[in-house]
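Note: the block below is coords_2.txt and it holds compact mmCIF, C-alpha atoms and all ligand atoms.
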# COMPACT_ATOMS: atom_id res chain seq x y z
CA MET A 1 12.22 -34.72 -21.67
CA THR A 2 9.06 -34.92 -19.59
CA ASP A 3 5.88 -35.87 -21.41
CA LEU A 4 3.48 -33.16 -20.21
CA THR A 5 0.53 -34.92 -21.81
CA ALA A 6 0.85 -37.45 -18.96
CA ALA A 7 -0.91 -34.96 -16.67
CA GLY A 8 -3.80 -34.44 -19.08
CA ALA A 9 -5.49 -31.28 -20.26
CA PHE A 10 -8.42 -29.05 -19.31
CA THR A 11 -10.38 -26.30 -20.99
CA LEU A 12 -10.28 -22.56 -20.50
CA GLY A 13 -13.35 -21.60 -22.51
CA ASP A 14 -12.61 -22.59 -26.12
CA ARG A 15 -8.91 -23.15 -25.34
CA THR A 16 -7.50 -26.49 -24.21
CA VAL A 17 -4.36 -26.31 -22.10
CA ARG A 18 -2.08 -28.90 -20.55
CA ARG A 19 -2.61 -29.13 -16.83
CA MET A 20 1.07 -28.46 -16.17
CA GLY A 21 1.71 -24.81 -16.97
CA TYR A 22 4.06 -22.06 -15.82
CA GLY A 23 3.64 -18.94 -13.65
CA ALA A 24 5.85 -16.02 -14.68
CA MET A 25 5.81 -13.92 -11.50
CA GLN A 26 9.25 -15.08 -10.32
CA LEU A 27 10.87 -13.69 -13.49
CA ALA A 28 10.75 -10.11 -12.22
CA GLY A 29 13.39 -8.80 -9.84
CA PRO A 30 13.54 -9.32 -6.07
CA GLY A 31 10.16 -8.66 -4.47
CA VAL A 32 8.58 -9.05 -7.95
CA PHE A 33 9.90 -5.56 -8.64
CA GLY A 34 12.20 -4.28 -11.35
CA PRO A 35 14.29 -6.25 -13.86
CA PRO A 36 15.23 -9.91 -13.36
CA LYS A 37 18.40 -10.75 -11.47
CA ASP A 38 19.47 -12.79 -14.53
CA ARG A 39 17.80 -11.59 -17.71
CA ALA A 40 19.26 -14.30 -19.98
CA GLU A 41 18.08 -17.00 -17.58
CA ALA A 42 14.58 -15.44 -17.42
CA LEU A 43 14.27 -15.56 -21.22
CA ALA A 44 15.67 -19.11 -21.20
CA VAL A 45 13.06 -20.23 -18.66
CA LEU A 46 10.23 -19.00 -20.91
CA ARG A 47 11.70 -20.61 -24.05
CA GLU A 48 12.39 -23.86 -22.23
CA ALA A 49 8.81 -23.96 -20.93
CA ILE A 50 7.42 -23.69 -24.46
CA ALA A 51 9.96 -26.16 -25.87
CA SER A 52 8.89 -28.61 -23.15
CA GLY A 53 5.23 -28.42 -24.19
CA VAL A 54 3.85 -25.83 -21.75
CA ASN A 55 0.91 -24.06 -23.40
CA HIS A 56 -0.47 -22.13 -20.42
CA ILE A 57 1.45 -19.19 -18.95
CA ASP A 58 0.18 -17.03 -16.09
CA THR A 59 1.34 -13.44 -15.78
CA SER A 60 0.37 -9.86 -14.88
CA ASP A 61 1.44 -6.39 -15.85
CA TYR A 62 1.94 -5.60 -12.18
CA TYR A 63 4.82 -8.07 -11.95
CA GLY A 64 7.76 -5.75 -12.33
CA PRO A 65 5.59 -3.75 -13.17
CA TYR A 66 5.43 -4.66 -16.87
CA VAL A 67 8.64 -6.71 -16.63
CA THR A 68 7.23 -10.23 -16.96
CA ASN A 69 4.93 -9.33 -19.84
CA GLN A 70 7.77 -7.64 -21.67
CA LEU A 71 10.00 -10.69 -21.11
CA ILE A 72 7.23 -12.98 -22.37
CA ARG A 73 6.91 -10.86 -25.49
CA GLU A 74 10.65 -10.75 -26.08
CA ALA A 75 11.12 -14.49 -25.55
CA LEU A 76 8.04 -15.84 -27.30
CA HIS A 77 6.48 -13.35 -29.75
CA PRO A 78 5.15 -14.22 -32.31
CA TYR A 79 3.41 -16.62 -29.98
CA PRO A 80 3.15 -20.29 -30.93
CA ALA A 81 -0.31 -21.48 -31.96
CA GLY A 82 -2.05 -23.02 -29.01
CA LEU A 83 -0.29 -20.97 -26.31
CA THR A 84 -2.78 -19.50 -23.83
CA ILE A 85 -1.56 -16.50 -21.83
CA VAL A 86 -3.59 -15.63 -18.75
CA THR A 87 -3.09 -12.22 -17.17
CA LYS A 88 -4.68 -10.50 -14.20
CA VAL A 89 -5.78 -6.96 -13.50
CA GLY A 90 -6.82 -5.17 -10.33
CA GLY A 91 -3.52 -4.07 -8.84
CA LYS A 92 -0.76 -1.56 -9.39
CA ARG A 93 2.69 -1.06 -7.90
CA GLY A 94 3.95 1.95 -6.02
CA ALA A 95 7.41 3.42 -6.63
CA ASP A 96 8.36 1.80 -3.29
CA ALA A 97 7.39 -1.67 -4.66
CA SER A 98 4.13 -1.65 -2.66
CA TRP A 99 1.11 -3.58 -4.00
CA ASN A 100 -1.94 -1.34 -4.30
CA PRO A 101 -5.49 -1.87 -5.53
CA ALA A 102 -6.48 -0.55 -8.96
CA GLN A 103 -10.03 -1.79 -9.09
CA THR A 104 -12.14 1.02 -10.54
CA PRO A 105 -13.60 0.40 -14.02
CA PRO A 106 -11.31 3.04 -15.61
CA GLU A 107 -8.25 1.49 -13.91
CA LEU A 108 -9.26 -2.01 -15.04
CA THR A 109 -9.79 -0.77 -18.60
CA GLN A 110 -6.39 0.94 -18.58
CA ALA A 111 -4.77 -2.26 -17.26
CA VAL A 112 -6.29 -4.33 -20.08
CA HIS A 113 -4.94 -1.88 -22.66
CA ASP A 114 -1.51 -1.95 -20.95
CA ASN A 115 -1.50 -5.77 -21.07
CA LEU A 116 -2.47 -5.77 -24.76
CA ARG A 117 0.41 -3.46 -25.54
CA ASN A 118 3.03 -5.14 -23.37
CA LEU A 119 2.14 -8.63 -24.55
CA GLY A 120 1.85 -7.44 -28.17
CA VAL A 121 -1.58 -8.94 -28.86
CA ASP A 122 -4.94 -7.68 -30.17
CA THR A 123 -6.93 -9.93 -27.85
CA ILE A 124 -5.88 -11.30 -24.46
CA ASP A 125 -6.69 -15.01 -24.09
CA VAL A 126 -7.84 -14.81 -20.45
CA VAL A 127 -8.05 -11.90 -18.01
CA ASN A 128 -8.59 -12.59 -14.32
CA LEU A 129 -10.11 -9.93 -12.11
CA ARG A 130 -7.82 -10.07 -9.06
CA VAL A 131 -10.17 -9.20 -6.22
CA MET A 132 -8.47 -7.51 -3.28
CA GLY A 133 -9.35 -9.12 0.03
CA ALA A 134 -7.30 -9.41 3.17
CA GLY A 135 -3.92 -10.13 1.56
CA MET A 136 -4.02 -13.58 0.01
CA ALA A 137 -7.44 -14.43 1.46
CA PRO A 138 -10.66 -13.56 -0.33
CA SER A 139 -13.36 -11.57 1.42
CA GLU A 140 -17.03 -11.21 0.57
CA GLY A 141 -18.45 -8.19 -1.24
CA SER A 142 -19.92 -7.38 -4.62
CA ILE A 143 -17.60 -7.48 -7.61
CA GLY A 144 -20.43 -6.84 -10.08
CA GLU A 145 -19.42 -3.40 -11.31
CA ARG A 146 -15.77 -4.42 -11.77
CA PHE A 147 -16.56 -7.66 -13.55
CA ALA A 148 -19.13 -5.92 -15.77
CA ALA A 149 -16.40 -3.48 -16.88
CA LEU A 150 -14.25 -6.42 -17.99
CA ALA A 151 -17.25 -8.15 -19.59
CA ASP A 152 -17.72 -4.99 -21.66
CA LEU A 153 -14.11 -5.18 -22.88
CA ARG A 154 -14.73 -8.83 -23.72
CA ARG A 155 -17.74 -7.84 -25.83
CA GLN A 156 -15.48 -5.35 -27.63
CA GLY A 157 -13.17 -8.25 -28.54
CA LEU A 158 -10.21 -7.19 -26.38
CA ILE A 159 -10.52 -10.25 -24.12
CA ARG A 160 -11.39 -13.82 -25.12
CA HIS A 161 -12.28 -15.20 -21.68
CA LEU A 162 -12.68 -13.98 -18.11
CA GLY A 163 -11.71 -15.43 -14.76
CA LEU A 164 -11.44 -14.40 -11.13
CA SER A 165 -8.62 -14.43 -8.62
CA ASN A 166 -8.81 -14.31 -4.82
CA ALA A 167 -12.57 -14.85 -5.07
CA THR A 168 -15.24 -16.49 -2.94
CA ALA A 169 -17.90 -18.92 -4.18
CA ALA A 170 -20.51 -16.14 -3.94
CA GLN A 171 -18.35 -13.86 -6.09
CA VAL A 172 -17.97 -16.60 -8.70
CA GLU A 173 -21.76 -16.92 -8.84
CA GLU A 174 -22.21 -13.16 -9.07
CA ALA A 175 -19.69 -12.98 -11.94
CA GLN A 176 -21.26 -15.91 -13.78
CA ALA A 177 -24.53 -14.02 -13.97
CA ILE A 178 -22.65 -11.26 -15.86
CA ALA A 179 -20.36 -13.28 -18.18
CA PRO A 180 -18.88 -16.79 -18.34
CA VAL A 181 -16.07 -17.52 -15.84
CA VAL A 182 -13.48 -19.97 -17.16
CA CYS A 183 -11.06 -20.10 -14.21
CA VAL A 184 -10.59 -19.17 -10.58
CA GLN A 185 -7.07 -18.51 -9.26
CA ASN A 186 -6.81 -18.65 -5.47
CA TYR A 187 -4.22 -19.49 -2.80
CA TYR A 188 -4.12 -23.28 -2.41
CA ASN A 189 -1.55 -26.00 -1.87
CA LEU A 190 -0.99 -29.18 0.13
CA ALA A 191 -0.72 -27.22 3.38
CA HIS A 192 -3.31 -24.53 2.66
CA ARG A 193 -6.63 -26.07 1.78
CA ASP A 194 -9.32 -23.47 2.51
CA ASP A 195 -10.72 -23.92 -1.00
CA ASP A 196 -11.43 -27.66 -0.91
CA ALA A 197 -15.18 -27.16 -1.28
CA LEU A 198 -14.83 -24.47 -3.94
CA ILE A 199 -12.56 -26.68 -6.06
CA ASP A 200 -15.19 -29.40 -6.16
CA GLN A 201 -17.98 -26.92 -6.93
CA LEU A 202 -15.97 -25.51 -9.83
CA ALA A 203 -15.11 -28.99 -11.11
CA ALA A 204 -18.85 -29.76 -11.30
CA LYS A 205 -19.31 -26.60 -13.40
CA GLY A 206 -16.35 -27.33 -15.72
CA ILE A 207 -14.44 -24.28 -14.43
CA ALA A 208 -10.67 -24.52 -13.99
CA TYR A 209 -9.15 -23.96 -10.55
CA VAL A 210 -5.60 -22.58 -10.72
CA PRO A 211 -3.84 -22.57 -7.34
CA PHE A 212 -1.40 -19.77 -6.77
CA PHE A 213 1.53 -20.53 -4.45
CA PRO A 214 1.28 -24.24 -5.48
CA LEU A 215 4.77 -24.76 -4.03
CA GLY A 216 4.11 -22.57 -1.00
CA GLY A 217 5.05 -19.25 -2.62
CA PHE A 218 8.06 -17.26 -1.45
CA SER A 219 8.87 -19.90 1.22
CA PRO A 220 8.53 -23.25 -0.54
CA LEU A 221 6.63 -26.00 1.32
CA GLN A 222 8.48 -28.15 3.82
CA SER A 223 7.04 -31.07 5.74
CA ALA A 224 8.39 -34.31 7.13
CA ALA A 225 5.69 -36.30 5.31
CA LEU A 226 6.49 -34.62 2.02
CA SER A 227 10.20 -35.38 2.45
CA SER A 228 9.56 -38.98 3.46
CA VAL A 229 7.25 -39.63 0.50
CA ALA A 230 9.69 -37.92 -1.85
CA ALA A 231 12.58 -40.10 -0.68
CA ARG A 232 10.52 -43.27 -1.23
CA LEU A 233 9.40 -42.18 -4.72
CA GLU A 234 12.87 -40.91 -5.68
CA ALA A 235 11.38 -37.51 -6.34
CA THR A 236 11.80 -34.10 -4.71
CA PRO A 237 9.35 -32.84 -2.05
CA LEU A 238 8.16 -30.05 -4.37
CA GLN A 239 7.53 -32.54 -7.20
CA VAL A 240 5.39 -34.54 -4.80
CA ALA A 241 3.48 -31.38 -3.81
CA LEU A 242 2.72 -30.68 -7.48
CA ALA A 243 1.75 -34.28 -8.22
CA TRP A 244 -0.62 -34.19 -5.23
CA LEU A 245 -2.34 -31.11 -6.70
CA LEU A 246 -2.71 -32.85 -10.07
CA HIS A 247 -4.28 -35.78 -8.29
CA ARG A 248 -6.53 -33.57 -6.11
CA ALA A 249 -9.04 -32.66 -8.83
CA PRO A 250 -9.22 -32.88 -12.64
CA ASN A 251 -9.96 -29.14 -13.00
CA ILE A 252 -6.74 -28.08 -11.25
CA LEU A 253 -4.24 -26.40 -13.59
CA LEU A 254 -0.71 -25.86 -12.30
CA ILE A 255 1.35 -22.70 -12.72
CA PRO A 256 4.41 -23.25 -10.51
CA GLY A 257 6.73 -20.27 -10.62
CA THR A 258 10.48 -20.26 -10.97
CA SER A 259 13.29 -18.08 -12.26
CA SER A 260 15.54 -21.08 -12.93
CA VAL A 261 15.66 -23.49 -15.88
CA ALA A 262 16.83 -26.29 -13.58
CA HIS A 263 13.85 -25.77 -11.24
CA LEU A 264 11.50 -25.50 -14.22
CA ARG A 265 12.62 -28.93 -15.46
CA GLN A 266 12.13 -30.43 -11.99
CA ASN A 267 8.66 -28.93 -11.71
CA LEU A 268 7.54 -30.08 -15.16
CA ALA A 269 8.73 -33.61 -14.37
CA ALA A 270 5.99 -33.80 -11.71
CA ALA A 271 3.55 -34.27 -14.62
CA GLU A 272 4.82 -37.86 -14.87
CA LEU A 273 4.95 -38.62 -11.15
CA ALA A 274 2.27 -41.14 -10.18
CA LEU A 275 1.27 -41.22 -6.51
CA PRO A 276 0.14 -44.56 -5.06
CA ASP A 277 -3.12 -44.54 -3.03
CA GLU A 278 -1.36 -44.93 0.34
CA VAL A 279 0.83 -41.92 -0.46
CA ILE A 280 -2.23 -39.84 -1.26
CA ALA A 281 -3.71 -40.73 2.14
CA GLU A 282 -0.45 -39.78 3.85
CA LEU A 283 -0.31 -36.44 2.04
CA ASN A 284 -3.97 -35.67 2.70
CA ALA A 285 -3.12 -35.94 6.39
CA VAL A 286 -0.53 -33.15 5.96
CA GLY A 287 -3.31 -30.79 4.88
CA ALA A 288 -5.50 -31.92 7.77
CA GLU A 289 -2.66 -31.31 10.27
CA HIS A 290 -2.17 -27.77 8.98
CA GLU A 291 -5.94 -27.10 9.13
CA HIS A 292 -5.94 -28.37 12.71
CA ALA A 293 -2.93 -26.24 13.62
CA ALA A 294 -4.57 -23.18 12.10
CA THR A 295 -7.80 -23.50 14.12
N1 LIG B 301 -3.50 -14.34 -8.24
C1 LIG B 301 -2.62 -14.01 -7.33
O1 LIG B 301 -2.89 -13.24 -6.42
C2 LIG B 301 -1.27 -14.64 -7.38
C3 LIG B 301 -0.41 -14.54 -6.26
C4 LIG B 301 0.82 -15.16 -6.34
C5 LIG B 301 1.20 -15.84 -7.48
N2 LIG B 301 0.38 -15.91 -8.56
C6 LIG B 301 0.73 -16.69 -9.76
O2 LIG B 301 1.00 -18.02 -9.35
C7 LIG B 301 2.28 -18.42 -9.85
C8 LIG B 301 2.91 -19.39 -8.88
O3 LIG B 301 3.12 -18.78 -7.64
P1 LIG B 301 4.56 -18.35 -7.09
O4 LIG B 301 5.55 -18.36 -8.19
O5 LIG B 301 4.40 -17.11 -6.32
O6 LIG B 301 4.86 -19.47 -6.00
P2 LIG B 301 5.19 -21.03 -6.09
O7 LIG B 301 5.04 -21.52 -7.49
O8 LIG B 301 4.42 -21.67 -5.02
O9 LIG B 301 6.72 -21.05 -5.63
C9 LIG B 301 7.70 -20.26 -6.20
C10 LIG B 301 8.92 -20.31 -5.29
O10 LIG B 301 9.43 -21.64 -5.26
C11 LIG B 301 10.78 -21.65 -5.74
N3 LIG B 301 10.89 -22.86 -6.58
C12 LIG B 301 10.21 -23.16 -7.70
N4 LIG B 301 10.55 -24.35 -8.18
C13 LIG B 301 11.48 -24.85 -7.32
C14 LIG B 301 12.22 -26.04 -7.29
N5 LIG B 301 12.04 -26.99 -8.22
N6 LIG B 301 13.11 -26.22 -6.27
C15 LIG B 301 13.27 -25.27 -5.32
N7 LIG B 301 12.58 -24.10 -5.30
C16 LIG B 301 11.70 -23.89 -6.30
C17 LIG B 301 10.94 -20.40 -6.54
O11 LIG B 301 12.30 -19.96 -6.50
P3 LIG B 301 13.26 -20.06 -7.80
O12 LIG B 301 12.91 -18.91 -8.68
O13 LIG B 301 14.62 -19.98 -7.22
O14 LIG B 301 12.99 -21.38 -8.45
C18 LIG B 301 10.03 -19.43 -5.77
O15 LIG B 301 10.70 -18.92 -4.62
C19 LIG B 301 3.05 -17.10 -10.00
O16 LIG B 301 4.14 -17.25 -10.87
C20 LIG B 301 1.96 -16.18 -10.49
O17 LIG B 301 1.83 -16.32 -11.90
C21 LIG B 301 -0.85 -15.34 -8.50

In structure tokens, write the structure found in this file.
Amino acid sequence: MTDLTAAGAFTLGDRTVRRMGYGAMQLAGPGVFGPPKDRAEALAVLREAIASGVNHIDTSDYYGPYVTNQLIREALHPYPAGLTIVTKVGGKRGADASWNPAQTPPELTQAVHDNLRNLGVDTIDVVNLRVMGAGMAPSEGSIGERFAALADLRRQGLIRHLGLSNATAAQVEEAQAIAPVVCVQNYYNLAHRDDDALIDQLAAKGIAYVPFFPLGGFSPLQSAALSSVAARLEATPLQVALAWLLHRAPNILLIPGTSSVAHLRQNLAAAELALPDEVIAELNAVGAEHEHAAT
């Protein structure tokens, strides 16, 4: 079994989590809507993650909706000591599976109460305010009123720590003036590196950066360089992509998503994959190529 301690740990407020975690979004049905295609496998993925040493799970009540949180509760409650569950609020699903904003203070408050109930806890470890921008890209604008509503719930003891998702550096600063921010969860991977500067700024402040779509999201990453490196290291391309993220900055926490126990095991094994310096340089060039192609 993989030794997850090989990848080290980082703090989320007063919690310490292993840098290799698990993202639960893929456990819901197709399009992150409805029940899982294989319920027994979904429960097995969660139990295997914990048995393998994962102590950081990312989720949301709008996956399903409610499906992933209910699966987490069924598979893992009563939760093992040391497990940190991070959820996010700010969205809701339409009956047609659409993703819609739910960002008013009353909607955020309702979402926190829904998460408490569905996860079966009195206090949620970490709640991220998922800011709605242009799809997966953040856009500027005040988040003060929304974050203050969550800070109020934190003062009431319903939330232990707060974070942001899909946020800009200015929004992180605005939030920090209201309450401590322990993590930022934005779109980032080997081929999508808009947040390079933000990651380093957060590292300097001791704030975790948690890339979503670490494997590329619904269409996993593919690149000739990734495949070539993987063949040389006797690893898979996606393991190399995860190992590159672990190498990228010490404050990066991984939450790769999968609905399969076999894929989970492959992903966790990336915690032990060391990348030689020349490989890092080769992989950094992949990001630069994509940046160039995008401009
Ligand atoms: N804050 C936000 O706005 C936001 C947005 C998206 C996601 N998230 C969070 O970030 C987590 C990670 O993102 P994600 O799950 O969307 O994307 P991801 O981790 O980049 O990739 C997941 C995709 O890769 C496939 N996959 C995983 N491991 C694999 C392997 N070893 N071999 C082949 N294919 C593999 C999965 O399919 P299989 O199920 O078949 O393995 C799935 O299609 C989510 O679970 C969620 O918690 C947050």

For the interface of range 159-255 of chain A with range 15-35 of chain A (cut-off 9 Å, counting only C-alpha atoms), please tabulate each contacting residue of range 159-255 of chain A alongside its nearest pair of atoms and their separation in Å to one decimal, rows sorted by chain and increasing number, as CSV.
residue,atom,partner,partner_atom,distance
A:Phe212,CA,A:Gly23,CA,8.6
A:Leu246,CA,A:Arg19,CA,7.7
A:Pro250,CA,A:Arg19,CA,8.7
A:Asn251,CA,A:Arg19,CA,8.3
A:Ile252,CA,A:Arg19,CA,7.0
A:Leu253,CA,A:Arg19,CA,4.5
A:Leu254,CA,A:Met20,CA,5.0
A:Ile255,CA,A:Tyr22,CA,4.2

Could you jot down the CA of Glu173 in chain A to CA of Val86 in chain A separation for me, Å, one decimal place?
->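 Interatomic distance, CA of Glu173 in chain A to CA of Val86 in chain A: 20.7 Å.
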
Which of A:Ile199, A:Val131, A:Ala95, A:Ile159 sits closest to ligand LIG 301 (chain B) [using only C-alpha atoms and all ligand atoms] =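 Closest to ligand LIG 301 (chain B) of all the choices is A:Val131.
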
Non-local contacts of Gln70 in chain A (10 Å; all atoms listed in the file; under 5 positions in same chain excluded) as a ChimeraX atom specification = /A:61,64-65,75-77,115,117-120

Axis-aligned box over every listed atom of range 269-275 of chain A, padded by 3 Å per side: centre and edges in Å to one decimal, as JSON?
{"center_x": 5.0, "center_y": -37.4, "center_z": -10.7, "size_x": 13.5, "size_y": 13.6, "size_z": 14.4}
